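> Below are the structure tokens for one structure; questions will follow.
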Amino acid sequence: MEKKSTKNKITKRTYIQVEGELASPLLAGSGEDDFSDMDILRDYKGTPFLAGTAVAGACRQWLDTNDMDKTAVDSLFGARKNEEIKQDSDLFQSRIFISDLQFTDPKTTIRDHVKLTKNKTTDNMGKFDIEVIETGTPFIMRFEYIERDGTGEHHDNKLIQAIISGINHGELTFGGKTNRGYGRLKVKEVKQKEFHYTNTKTVEDWLEWSWENISKEKSSLDEYIENEKQFHEVEVPLKLKQTLLIRDYKTNEDDYTYLRANDKPVIPGTTWAGAFRHRLQQIACEILGENKEIEKKLEDIFGSKHDKNQTNTSRLTFEESVIEEATPFKITRNAIDRFSGATIDGALFTGEVVCKGKTNLVIRWRKDSSYDPIIMGILHWLIQDLMHGFLAIGGETAVGRGVFELDGENDLVKDWHIYQKSALTWVKDGAKHETGTV
């Protein structure tokens with residue numbers, strides 16, 4: 001009996017394993033609230049993970065946003081939903097399998113978040129907490145994709161290279177609150193194994209192979225991190241002049257202590273973003289006076305607030321900052337009655353703050369010729385205010401906490417004063433006008 005030829009048969013199968021660690025906390029919400037207002041996703045054993053669907057969606061969105069070849073992306077990830085199907089050839093499934101993001105001995109923690117009013121008081125119902133996987137947790141990410149006779153030359157490896165390079169640059173992030181410093185991965189090793197289905201022996205080798213064998217392959221990290229960065233980035237070295245307080249109430253000893261990650265004090269991206277947004281609002285009010293359009297302008301740069309129906313995403317990404325060389329400092333205080341000057345009964349409390357120390361403020365934004373000068377002008381205002389003590393970070397700023405200054409003499413944003421006209425034009429008239437420099 002004559003053997004029928006297989007149409008569109010598999011000609012090649014590629015396995016890629018990416019190993020590294022979390023460079024910032026990761027929020028993979030499950031919709032449950034047993035431990036916090038937003039618990040992380042866990043498997044049946046109780047081990048945290050990030051679903052492969054979430055990883056695949058973020059990767060595909062990253063490729064689309066960076067204007068990669070749409071035909072190549074569709075060929076690898078499958079036909080898009082909600083697109084018109086004219087013929088059978090328009091229906092095809094994904095050729096790539098992306099596993100769940102797996103973690104080795106993950107450590108989880110619960111972080112408090114507080115929504116503040118413009119007067120820096122807690123908004124009504126503005127207190128909530130979230131569960132995150134802590135910075136430094138090792139991870140494993142796996143890709144498997146096939147090539148067929150009818151696939152054509154779609155440069156699959158180029159797409160995977162763009163994904164891994166984006167992860168390595170900190171531009172492709174995963175989970176929730178990624179514009180506020182969450183979900184960034186640090187790639188340490190990439191290993192690859194290919195099977196070309198040229199003969200029976202190759203197929204037999206593939207049948208005997210498993211993911212455990214990929215450890216024998218030579219690392220190919222350098223081949224995957226050569227892509228050009230898609231984001232602008234500014235890193236500002238700072239040193240704390242006196243003390244800093246980012247509250248963490250989960251303590252058995254004191255009424256509150258400072259927020260830590262891996263036993264080091266940190267400034268979350270949410271804190272940086274909130275302080276910068278508030279300061280820009282003050283600047284805009286000084287220029288325009290009380291104006292209803294100011295909030296819309298802020299949303300254009302910082303995104304919509306979580307209690308609104310708008311879906312504007314932030315153009316700015318604020319990374320979480322680790323404070324090095326800091327000293328913990330306990331303070332016991334009394335609350336004083338401002339009318340009598342006497343101690344309020346039962347108002348003795350003890351807190352722990354951070355004293356001195358150094359850190360780096362890292363801000364990223366996607367390259368965009370129409371918004372680049374606006375953002376650089378705005379950041380010139382805000383970072384200069386930060387370095388000169390006019391913009392304080394964290395709690396109890398009214399008593400001198402949270403004041404920073406430049407660490408060293410290399411002011412990276414000093415020359416950005418040429419973009420102030422673009423920022424001023426944007427505040428007055430919006431981004432619809434030209435954004436030239438002076």
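Letters A, B, ... mark the chains of the structure tokens in the order given; residue numbers begin at 1 per chain; ligand numbers begin at 1, in order shown.
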Contacts of region 323-330 of chain A at 9 Å or less, counting only C-alpha atoms, minus same-chain residues fewer than 2 places along, as a list in words?

Lys239, Leu240, Thr243, Asp254, Thr257, Tyr258, Lys264, Pro265, Val266, Ile267, Ser321, Thr332, Thr350, Gly351, Glu352, Val353, Val354, Cys355, Lys356, Gly357, Lys358, Thr359 and Asn360 of chain A

> Give me, as a ChimeraX atom specification, all polymer residues having an atom no more than 8 Å from region 36-40 of chain A, counting only C-alpha atoms and skipping those fewer than 4 positions away in the same chain.

/A:27-32,48,110,128-133

> Next, the residues of the selection above should be written as an mmCIF file, in the first residue's frame with all heavy atoms.


```
data_model
loop_
_atom_site.group_PDB
_atom_site.id
_atom_site.type_symbol
_atom_site.label_atom_id
_atom_site.label_comp_id
_atom_site.auth_asym_id
_atom_site.auth_seq_id
_atom_site.Cartn_x
_atom_site.Cartn_y
_atom_site.Cartn_z
ATOM 1 N N LEU A 27 3.490 40.874 40.999
ATOM 2 C CA LEU A 27 2.096 40.773 41.398
ATOM 3 C C LEU A 27 1.344 39.952 40.365
ATOM 4 O O LEU A 27 1.166 40.392 39.222
ATOM 5 C CB LEU A 27 1.476 42.172 41.533
ATOM 6 C CG LEU A 27 -0.045 42.236 41.718
ATOM 7 C CD1 LEU A 27 -0.463 41.522 42.992
ATOM 8 C CD2 LEU A 27 -0.503 43.692 41.741
ATOM 9 N N ALA A 28 0.959 38.741 40.734
ATOM 10 C CA ALA A 28 0.180 37.865 39.860
ATOM 11 C C ALA A 28 -1.138 37.586 40.552
ATOM 12 O O ALA A 28 -1.296 36.593 41.265
ATOM 13 C CB ALA A 28 0.938 36.566 39.581
ATOM 14 N N GLY A 29 -2.094 38.465 40.378
ATOM 15 C CA GLY A 29 -3.350 38.386 41.113
ATOM 16 C C GLY A 29 -4.189 37.176 40.745
ATOM 17 O O GLY A 29 -4.264 36.779 39.576
ATOM 18 N N SER A 30 -4.819 36.591 41.752
ATOM 19 C CA SER A 30 -5.660 35.416 41.540
ATOM 20 C C SER A 30 -7.148 35.737 41.643
ATOM 21 O O SER A 30 -7.988 34.898 41.309
ATOM 22 C CB SER A 30 -5.324 34.339 42.584
ATOM 23 O OG SER A 30 -5.657 34.792 43.893
ATOM 24 N N GLY A 31 -7.486 36.922 42.124
ATOM 25 C CA GLY A 31 -8.874 37.270 42.366
ATOM 26 C C GLY A 31 -9.358 36.868 43.750
ATOM 27 O O GLY A 31 -10.482 37.196 44.143
ATOM 28 N N GLU A 32 -8.514 36.185 44.506
ATOM 29 C CA GLU A 32 -8.858 35.772 45.861
ATOM 30 C C GLU A 32 -8.379 36.821 46.870
ATOM 31 O O GLU A 32 -7.487 37.627 46.577
ATOM 32 C CB GLU A 32 -8.227 34.419 46.194
ATOM 33 C CG GLU A 32 -8.614 33.304 45.238
ATOM 34 C CD GLU A 32 -10.089 32.956 45.314
ATOM 35 O OE1 GLU A 32 -10.685 33.152 46.396
ATOM 36 O OE2 GLU A 32 -10.653 32.493 44.305
ATOM 37 N N PRO A 48 3.273 29.612 44.417
ATOM 38 C CA PRO A 48 2.954 30.730 43.519
ATOM 39 C C PRO A 48 3.503 30.496 42.112
ATOM 40 O O PRO A 48 4.566 29.906 41.927
ATOM 41 C CB PRO A 48 3.653 31.923 44.186
ATOM 42 C CG PRO A 48 3.840 31.525 45.613
ATOM 43 C CD PRO A 48 4.073 30.052 45.583
ATOM 44 N N ILE A 110 3.298 40.732 52.006
ATOM 45 C CA ILE A 110 2.113 41.563 51.796
ATOM 46 C C ILE A 110 2.516 43.024 51.941
ATOM 47 O O ILE A 110 3.151 43.405 52.926
ATOM 48 C CB ILE A 110 0.995 41.210 52.797
ATOM 49 C CG1 ILE A 110 0.513 39.780 52.536
ATOM 50 C CG2 ILE A 110 -0.172 42.181 52.669
ATOM 51 C CD1 ILE A 110 -0.538 39.294 53.509
ATOM 52 N N PHE A 128 -5.458 49.657 51.051
ATOM 53 C CA PHE A 128 -5.577 48.282 50.596
ATOM 54 C C PHE A 128 -4.191 47.645 50.612
ATOM 55 O O PHE A 128 -3.164 48.334 50.654
ATOM 56 C CB PHE A 128 -6.175 48.209 49.180
ATOM 57 C CG PHE A 128 -5.329 48.860 48.113
ATOM 58 C CD1 PHE A 128 -4.499 48.101 47.298
ATOM 59 C CD2 PHE A 128 -5.361 50.230 47.910
ATOM 60 C CE1 PHE A 128 -3.724 48.695 46.316
ATOM 61 C CE2 PHE A 128 -4.582 50.838 46.930
ATOM 62 C CZ PHE A 128 -3.761 50.063 46.132
ATOM 63 N N ASP A 129 -4.159 46.322 50.642
ATOM 64 C CA ASP A 129 -2.873 45.633 50.616
ATOM 65 C C ASP A 129 -2.891 44.542 49.549
ATOM 66 O O ASP A 129 -3.941 44.055 49.138
ATOM 67 C CB ASP A 129 -2.506 45.051 51.987
ATOM 68 C CG ASP A 129 -3.605 44.171 52.571
ATOM 69 O OD1 ASP A 129 -4.434 43.654 51.804
ATOM 70 O OD2 ASP A 129 -3.643 44.008 53.800
ATOM 71 N N ILE A 130 -1.693 44.178 49.080
ATOM 72 C CA ILE A 130 -1.551 43.181 48.020
ATOM 73 C C ILE A 130 -0.453 42.195 48.412
ATOM 74 O O ILE A 130 0.468 42.534 49.167
ATOM 75 C CB ILE A 130 -1.206 43.828 46.664
ATOM 76 C CG1 ILE A 130 0.117 44.605 46.745
ATOM 77 C CG2 ILE A 130 -2.324 44.726 46.188
ATOM 78 C CD1 ILE A 130 0.581 45.170 45.422
ATOM 79 N N GLU A 131 -0.571 40.991 47.910
ATOM 80 C CA GLU A 131 0.440 39.962 48.138
ATOM 81 C C GLU A 131 1.336 39.878 46.904
ATOM 82 O O GLU A 131 0.834 39.821 45.770
ATOM 83 C CB GLU A 131 -0.216 38.616 48.410
ATOM 84 C CG GLU A 131 0.774 37.523 48.802
ATOM 85 C CD GLU A 131 0.106 36.196 49.055
ATOM 86 O OE1 GLU A 131 -1.018 35.978 48.541
ATOM 87 O OE2 GLU A 131 0.703 35.357 49.763
ATOM 88 N N VAL A 132 2.644 39.875 47.109
ATOM 89 C CA VAL A 132 3.587 39.841 45.993
ATOM 90 C C VAL A 132 4.644 38.775 46.240
ATOM 91 O O VAL A 132 4.883 38.350 47.370
ATOM 92 C CB VAL A 132 4.275 41.211 45.795
ATOM 93 C CG1 VAL A 132 3.260 42.289 45.465
ATOM 94 C CG2 VAL A 132 5.102 41.608 47.025
ATOM 95 N N ILE A 133 5.278 38.340 45.145
ATOM 96 C CA ILE A 133 6.442 37.473 45.224
ATOM 97 C C ILE A 133 7.660 38.377 45.321
ATOM 98 O O ILE A 133 7.827 39.300 44.524
ATOM 99 C CB ILE A 133 6.531 36.547 43.995
ATOM 100 C CG1 ILE A 133 5.235 35.750 43.838
ATOM 101 C CG2 ILE A 133 7.718 35.601 44.115
ATOM 102 C CD1 ILE A 133 5.167 34.936 42.562
#
```

> From the DSSP assignment of the backbone, select every residue of region 112-260 of chain A that is strand (DSSP E or B), and format the answer as a VMD selection string.

chain A and resid 112 to 116 122 to 133 138 to 148 185 to 196 219 231 to 240 243 to 244 247 to 248 256 to 258 260

> In terms of the shortest atom-to-atom distance over only C-alpha atoms, which of A:Arg366, A:Lys107, A:Lys414, A:Lys305 is closest to Val236 (chain A)?

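Residue with the minimum atom-to-atom distance to Val236 (chain A): A:Lys414.
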
> Pull the helix (DSSP H, G or I) assignments for region 89-254 of chain A out of DSSP run on the backbone, and list those residues as a PyMOL selection string.

chain A and resi 89-90+156-168+178-180+200-208+211-216+221-224

> Would you mind reading off the distance between CA of His232 (chain A) and CA of Ile301 (chain A), one decimal, in Å?

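We find that CA of His232 (chain A) and CA of Ile301 (chain A) lie 14.8 Å from each other.
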
> Looking at A:Asp43, A:Asp385, A:Glu299, A:Glu223, which one is nearest to Asp100 (chain A), with distances taken over only C-alpha atoms?

A:Asp43

> Excluding same-chain residues fewer than 4 positions from Ser215 (chain A), what lies within 9 Å of it counting only C-alpha atoms, as a list in words?

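In the requested format, the answer is Lys191, Trp211 and Ser219 of chain A.
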
> Residues of the last selection are to be written out with all heavy atoms, as an mmCIF file, in the first residue's frame.


```
data_model
loop_
_atom_site.group_PDB
_atom_site.id
_atom_site.type_symbol
_atom_site.label_atom_id
_atom_site.label_comp_id
_atom_site.auth_asym_id
_atom_site.auth_seq_id
_atom_site.Cartn_x
_atom_site.Cartn_y
_atom_site.Cartn_z
ATOM 1 N N LYS A 191 19.336 28.923 27.466
ATOM 2 C CA LYS A 191 19.816 27.695 26.838
ATOM 3 C C LYS A 191 18.808 27.221 25.795
ATOM 4 O O LYS A 191 17.592 27.342 25.997
ATOM 5 C CB LYS A 191 20.072 26.612 27.880
ATOM 6 C CG LYS A 191 21.239 26.947 28.802
ATOM 7 C CD LYS A 191 21.692 25.777 29.638
ATOM 8 C CE LYS A 191 22.944 26.129 30.434
ATOM 9 N NZ LYS A 191 23.434 24.989 31.232
ATOM 10 N N TRP A 211 13.088 18.276 29.298
ATOM 11 C CA TRP A 211 13.587 19.593 29.693
ATOM 12 C C TRP A 211 14.784 19.492 30.642
ATOM 13 O O TRP A 211 15.635 20.389 30.674
ATOM 14 C CB TRP A 211 12.478 20.398 30.366
ATOM 15 C CG TRP A 211 11.569 21.089 29.397
ATOM 16 C CD1 TRP A 211 10.287 20.767 29.085
ATOM 17 C CD2 TRP A 211 11.885 22.248 28.610
ATOM 18 N NE1 TRP A 211 9.777 21.643 28.159
ATOM 19 C CE2 TRP A 211 10.728 22.567 27.852
ATOM 20 C CE3 TRP A 211 13.017 23.043 28.470
ATOM 21 C CZ2 TRP A 211 10.683 23.645 26.971
ATOM 22 C CZ3 TRP A 211 12.968 24.130 27.597
ATOM 23 C CH2 TRP A 211 11.825 24.415 26.856
ATOM 24 N N SER A 219 25.303 27.872 27.179
ATOM 25 C CA SER A 219 24.528 29.092 27.353
ATOM 26 C C SER A 219 24.655 29.982 26.118
ATOM 27 O O SER A 219 25.735 30.168 25.569
ATOM 28 C CB SER A 219 25.004 29.859 28.590
ATOM 29 O OG SER A 219 24.271 31.061 28.733
#
```

> Can you list, as a PyMOL selection string, every protein, DNA or RNA residue that comes within 10 Å of region 152-166 of chain A when you count only C-alpha atoms, leaving out same-chain residues fewer than 2 positions away?

chain A and resi 14+16+18+58-60+62-63+66+68-76+95-96+143+145-150+168-173+185+187+190+221-231

> For Leu50 (chain A), find every residue with an atom within 8 Å (counting only C-alpha atoms), except residues of its own chain fewer than 4 positions away, and show them as a list in words.

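Residues meeting the cut-off are Ala28, Leu41, Ala54, Val55, Asp100, Leu101, Gln102 and Gly175 of chain A.
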
> In Å, how far is it from CA of Asn262 (chain A) to CA of Ile331 (chain A)?

22.9 Å

> Taking into account only C-alpha atoms, which residue in the set A:Ile140, A:Val427, A:Thr397, A:Gln242 is nearest to Ile283 (chain A)?

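Using only C-alpha atoms, the shortest distance to Ile283 (chain A) belongs to A:Val427.
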
> Between region 162-181 of chain A and region 313-319 of chain A, at 6 Å or less, what are the per-residue closest atom pairs and their distances in Å? Count only C-alpha atoms, order by chain and rising residue number, and return it as JSON lines.


```
{"residue": "A:Asn179", "atom": "CA", "partner": "A:Thr317", "partner_atom": "CA", "distance": 4.3}
{"residue": "A:Arg180", "atom": "CA", "partner": "A:Phe318", "partner_atom": "CA", "distance": 5.1}
{"residue": "A:Gly181", "atom": "CA", "partner": "A:Glu319", "partner_atom": "CA", "distance": 4.0}
```

> List as a PyMOL selection string the protein and nucleic acid residues near Gln384 (chain A), meaning an atom at most 9 Å away when only C-alpha atoms are counted, but skip any in the same chain fewer than 5 places from it.

chain A and resi 379+389-391+413-414

> Those same residues, written as a PDB file, in the first residue's frame with all heavy atoms?


```
ATOM      1  N   LEU A 379      10.388  66.058  33.522  1.00  0.00           N
ATOM      2  CA  LEU A 379      11.319  65.403  34.443  1.00  0.00           C
ATOM      3  C   LEU A 379      12.433  66.351  34.879  1.00  0.00           C
ATOM      4  O   LEU A 379      12.945  66.235  35.999  1.00  0.00           O
ATOM      5  CB  LEU A 379      11.913  64.153  33.782  1.00  0.00           C
ATOM      6  CG  LEU A 379      10.930  62.985  33.582  1.00  0.00           C
ATOM      7  CD1 LEU A 379      11.661  61.800  32.967  1.00  0.00           C
ATOM      8  CD2 LEU A 379      10.283  62.578  34.904  1.00  0.00           C
ATOM      9  N   GLY A 389      15.580  69.551  47.353  1.00  0.00           N
ATOM     10  CA  GLY A 389      14.808  69.512  48.584  1.00  0.00           C
ATOM     11  C   GLY A 389      13.406  70.069  48.513  1.00  0.00           C
ATOM     12  O   GLY A 389      12.733  70.181  49.537  1.00  0.00           O
ATOM     13  N   PHE A 390      12.916  70.418  47.304  1.00  0.00           N
ATOM     14  CA  PHE A 390      11.556  70.957  47.183  1.00  0.00           C
ATOM     15  C   PHE A 390      10.520  69.857  46.981  1.00  0.00           C
ATOM     16  O   PHE A 390       9.328  70.116  47.092  1.00  0.00           O
ATOM     17  CB  PHE A 390      11.480  71.945  46.016  1.00  0.00           C
ATOM     18  CG  PHE A 390      12.369  73.140  46.189  1.00  0.00           C
ATOM     19  CD1 PHE A 390      13.482  73.328  45.384  1.00  0.00           C
ATOM     20  CD2 PHE A 390      12.099  74.081  47.171  1.00  0.00           C
ATOM     21  CE1 PHE A 390      14.305  74.426  45.546  1.00  0.00           C
ATOM     22  CE2 PHE A 390      12.912  75.184  47.343  1.00  0.00           C
ATOM     23  CZ  PHE A 390      14.031  75.363  46.532  1.00  0.00           C
ATOM     24  N   LEU A 391      10.984  68.649  46.684  1.00  0.00           N
ATOM     25  CA  LEU A 391      10.100  67.510  46.515  1.00  0.00           C
ATOM     26  C   LEU A 391      10.551  66.418  47.474  1.00  0.00           C
ATOM     27  O   LEU A 391      11.613  65.818  47.291  1.00  0.00           O
ATOM     28  CB  LEU A 391      10.137  67.005  45.068  1.00  0.00           C
ATOM     29  CG  LEU A 391       9.431  65.672  44.761  1.00  0.00           C
ATOM     30  CD1 LEU A 391       7.977  65.724  45.190  1.00  0.00           C
ATOM     31  CD2 LEU A 391       9.534  65.347  43.270  1.00  0.00           C
ATOM     32  N   VAL A 413      20.309  65.354  34.210  1.00  0.00           N
ATOM     33  CA  VAL A 413      19.170  66.061  33.626  1.00  0.00           C
ATOM     34  C   VAL A 413      19.394  67.572  33.580  1.00  0.00           C
ATOM     35  O   VAL A 413      18.475  68.313  33.215  1.00  0.00           O
ATOM     36  CB  VAL A 413      17.873  65.741  34.405  1.00  0.00           C
ATOM     37  CG1 VAL A 413      17.583  64.255  34.385  1.00  0.00           C
ATOM     38  CG2 VAL A 413      17.954  66.257  35.838  1.00  0.00           C
ATOM     39  N   LYS A 414      20.581  68.003  33.916  1.00  0.00           N
ATOM     40  CA  LYS A 414      20.848  69.442  33.937  1.00  0.00           C
ATOM     41  C   LYS A 414      20.637  70.075  32.566  1.00  0.00           C
ATOM     42  O   LYS A 414      20.054  71.156  32.442  1.00  0.00           O
ATOM     43  CB  LYS A 414      22.283  69.695  34.412  1.00  0.00           C
ATOM     44  CG  LYS A 414      22.647  71.174  34.512  1.00  0.00           C
ATOM     45  CD  LYS A 414      24.071  71.347  35.026  1.00  0.00           C
ATOM     46  CE  LYS A 414      24.432  72.826  35.135  1.00  0.00           C
ATOM     47  NZ  LYS A 414      25.817  73.006  35.634  1.00  0.00           N
TER      48      LYS A 414
END
```
